[in-house]
Amino acid sequence: MSEPGALTLARNGGLLAPSGPRITPLALLGRSGAKRVFQRNVVVYRRGWKFLVSGFFEPFFYLVSIGLGLSKLVGVVHLDGHAFPYTVFVAPGLLAASAMNGAIFDCTFKIFFQLKIMKVYDSMLSTPLSPGDVAAGELLWALARGGLYCGVFICVMAGFGYVGTPWVVLCFPGAIFAGYAFAGVAMAGTSFMRSWQDFDFVFLVALPLFLFSATFYPLAVYPGWLQLVIRCTPLYQAVALLRGFDLGLFTWSLLGHVAYLVAMGSAGLAVTARRLARLVLP
Amino acid sequence: MTTDLETWGIQHAQGARMPPSLRVLRYHLYTYLRTWRSSLTTSFLAPVLYLAAMGVGLGSLINHHVGTVDHVRYLTFVAPGLLAASAMQVAASDSMYPVMAAIKWIRTYYAMLATPLEVSDVLLGHFAWVTTRLVLTAVTYLGVMAAFGTVHSPLAVLAVPTAILTGLSFSALISAFAATQENDQGFATISRMGLIPLFLLSATFFPISQLPGWMHPLAYATPLYHGVDLCRMLTLGGVDWVSAAWDLVYLVALTSAGVLLSRRLFARRLVV
Amino acid sequence: MPSVDAVIWARGLSKRFGDLVAVDGIDFDIAKGESFGFLGPNGAGKTSTMRMIACMSPKSAGTLRVLGMDPETDGPAIRGRIGLVPQDDSLDLQLTVLDNLMIYGRYFDLPKRVIRERAERLLAFAELSERADDTVEPLSGGMKRRLTIARALVSEPDLLILDEPTTGLDPQARHLLWDRLYRLKSEGVTLVITTHYMDEAEQLCDRLVVMDKGRIAASGPPSALIDRYSTKEVLELRFLGADPPGEALRGIGERIEVLPDRVLIYADDGEGAMGEVTDRGVEPTAWLVRRSSLEDVFLSLTGRTLID
């Protein structure tokens, strides 16, 4: 009883009902409970819209820094036999990284904060809402907010003239796939977290992904064996997908990246739902 | 832990007088001892990862294209910038959420003020703690830099106090800001509108001369620029003593102003 | 089987947390329209029982029916008809007073128009209309409590569960809250209240159970419990700076409880008992005769006081 919040989310009896124990992860997203949790976020952020808007400047600063500073030092980057200005090369990589960081923030820190400090979910779970609704609602919010930021990012890219081809529009759904993948897994991770200390682990995973996933330079910089390892990591998949779209380098492997990201997000959601459901049984 | 605490408490009661602000520092150390393993790992891994990715990885493209940056390879150029920037990050993050938590969420400061401790003790204890964290961060970073072979001068040891001072200038200003906040949204704004642009544009990743002329005065006005400049001169050797003195005066003046400001704002917030 | 009009029906209901037995096989029925109390000290198992009734915590053993349904399978349906006022309020600090009601109502899938109309009424009921657009944080303890009750009522529940509704409130705030609960009671809302205040239980509950260490020690209407487990009056004697002379008083009244700071003599005639005390040459620092209360019931059942 010492931690009612955690207990509630973990053991709530309602997850199994009324649709019975077999709720597929994606079906959760469509339930009205998820919509209600989503709407709460809308109301909260309507009051904190400045906070939301300040996030729009992030891509701006990154792209300015690269455009004014690093691009002159790096020159052009060769990829698949084409040469691209560094700004054009790096922009979709940063977009993917931003989708990852946003999803991870919304599904780890924010949820844990609302669970442990603001105790938001305690009151939600005294209503007909189930833990599954809460998880799905927060995931939907993460996707919506991530989508908004990615849209702004793409516009800033276009404004600076850092886009490769008009196919850059495909980066928008692409970034949503990336957000889904990281949000699902991050939420599954949060369901295992016990204290703030566990967040060091989030950092230990996110930082190397951010730095080494061919975000800032092509994979060719690495020795062959390392290239193989990096290809398997999720942010590389997202970077390769968005870069492929932006630069108009269409190959079948793009489908592989999409499949990877969707599978990853669904696996994360399934683990989250299963974990909550299993803990329901005393 | 509890036994330790009790032993300390008893010794203290028997007359070993400890300055009040150090009693606050001791509190921070106790709470840190529960998490030191993971945070030490991150404070060691972060420099390794950054130097490997930006210095070595991105550096290979840059060295290929422009040869050297400021007469050294890119890794050597970027390392002291990252040192100063990470001091900024550590100091800033320890002065945002933890201060807010101690004021509002966990209310540790009020518990402290219900004892003989005063607002200035609480504040100095907080800065002593941030300094401790900065010492750990800067020493680790310099060690990693040396392992990467980017330390070119014995003066580099002075980069440690420089990084600490850089961090403290941010800590003082941000703590003052945190004491005025009602919720944590302001911190995201500080990060996005302040720390991130500084990190990206204050000579950390490229010489300031790359920026258009109108941006130079802006860069000179930021504390991070002076921290980076000083750290870079010290690790590369070839110190321009005039600009070094100017960097130092700037950082000391800003830190002092920040400490005075946070003294006022803490008192206004905590004693009502 | 559960009787037809039982809103809550429990048999052998238990809750364990690892080795700790919080609720140890209790039986009770709560009828529609009744105001039912769980009285007991901290750690007696009241909150665990509340959380099982509110379908927020699964039972470890026994049978529980709430509104004719099984919390194990019908959690959302049951919660849809319950209003919960938890011990720690758990208000949404990121929202305004009005939005707390609006958003909470949406969790029940109520239409916005309906919630808005109810919210207006409930804020008046809770005397919070002027604070509708303020954030929750600066509200006083009593205001937060009233807002939590208003929030629990937004779904017009059949059953209102209040976990220690007045703990931590000043006397004025308590009385205002009691007044509001009376009104609900008169409107026919079934109330389930936990408390460790005997006066609260006497004031608000038609019927109650006394809980101790996870079990039910006694049950019945407050007056019946007092009749059964106590005398009409109690003589309290205080002795400052000396150990209470328990031996010297032996045999006076029906029963004597010697507490660290005072001696309680249970007798139907308190004044008469005081005469006997004086006759024996015992001179207390202070004395008074009072009516018996649930505190005395608890003391007689467990040998301990409710609030120590």
# chains A, B, ... in the order shown; residues from 1 in each chain; ligands from 1

call {"tool": "interface_residues", "arguments": {"of": "chain C", "to": "chain A", "cutoff": "10 Å", "atoms": "only C-alpha atoms", "output": "ChimeraX atom specification"}}
result
/C:15-17,22,47-48,51-52,54-61,71-86,88-96,99-100,102-109,148,151-152,155

call {"tool": "residues_around", "arguments": {"residues": "segment 52-60 of chain B", "least_positions_apart": "2", "cutoff": "7 Å", "atoms": "only C-alpha atoms", "output": "list in words"}}
result
Leu211, Phe212, Phe216, Tyr217 and Val221 of chain A; Val48, Leu49, Tyr50, Ile62, Asn63, His64, Tyr74, Leu75 and Val78 of chain B

call {"tool": "closest_residue", "arguments": {"among": "A:Ala96, A:Leu261, A:Leu219, A:Val229", "to": "chain B", "atoms": "only C-alpha atoms"}}
result
A:Leu219

call {"tool": "interface_residues", "arguments": {"of": "chain B", "to": "chain C", "cutoff": "12 Å", "atoms": "only C-alpha atoms", "output": "PyMOL selection string"}}
result
chain B and resi 104-105+182-185

call {"tool": "interface_residues", "arguments": {"of": "chain A", "to": "chain B", "cutoff": "9 Å", "atoms": "only C-alpha atoms", "output": "PyMOL selection string"}}
result
chain A and resi 48+50-51+54-58+61-62+64-66+68-70+72-77+117-118+197-198+200-201+203-204+207-208+211-212+216-217+221-222
